[in-house]
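Note sheet for the following structure.
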Amino acid sequence: IARADDLLVRLGGEELGWVAHFPGPEDVTRAAERLHAAVRDRSVPDLPPVTVSMGVVTAEPAADRDPVTAVLSLLSTADRALYEAKRAGRDRIAYAAGRPRELSPTS
């Protein structure tokens with residue numbers, strides 16, 4: 001699902017970050033749904049199912065903004081969306097304000 005130019009990082013604990021460029025919000029939604037489904041479809045006999053909660057945020061690059069401040073702001077926004085997904089029942093995707101619909105675990 002991740003591509004060679006994407007950046008995957010461990011943010012702490014069980015939290016991972018995926019920084020990538022997508023042409024538009026629909027592409028972000030499709031990528032998040034593919035990742036969610038790929039984790040859900042991985043099952044190991046005799047072990048409980050693995051679930052994933054995601055917080056998704058998108059942003060246009062701003063040339064006049066300090067890159068460190070921009071990244072920290074995006075991480076903070078994604079983290080809030082992640083915790084919203086967890087509060088909503090886990091194993092789902094929550095999008096930051098203005099993003100596409102929340103995906104339920106059965107979608």
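Ordered as shown in the structure tokens, chains take letters A, B, and onward, while each chain numbers its residues from 1 and ligands are numbered from 1 in the order shown.
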
Shell around Tyr83 (chain A) at 9 Å using only C-alpha atoms, local window under 6 positions removed, as a ChimeraX atom specification: /A:53-55,90,94

message: Run DSSP on the backbone and tell me which residues of chain A come out as strand (DSSP E or B); list them as a ChimeraX atom specification.
response: /A:7-12,15-19,54-56,93-95,103

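The nearest approach to Asp79 (chain A) among the residues A:Ala2, A:Ile93, A:Val56, A:Ala62, with only C-alpha atoms taken into account, belongs to A:Val56.
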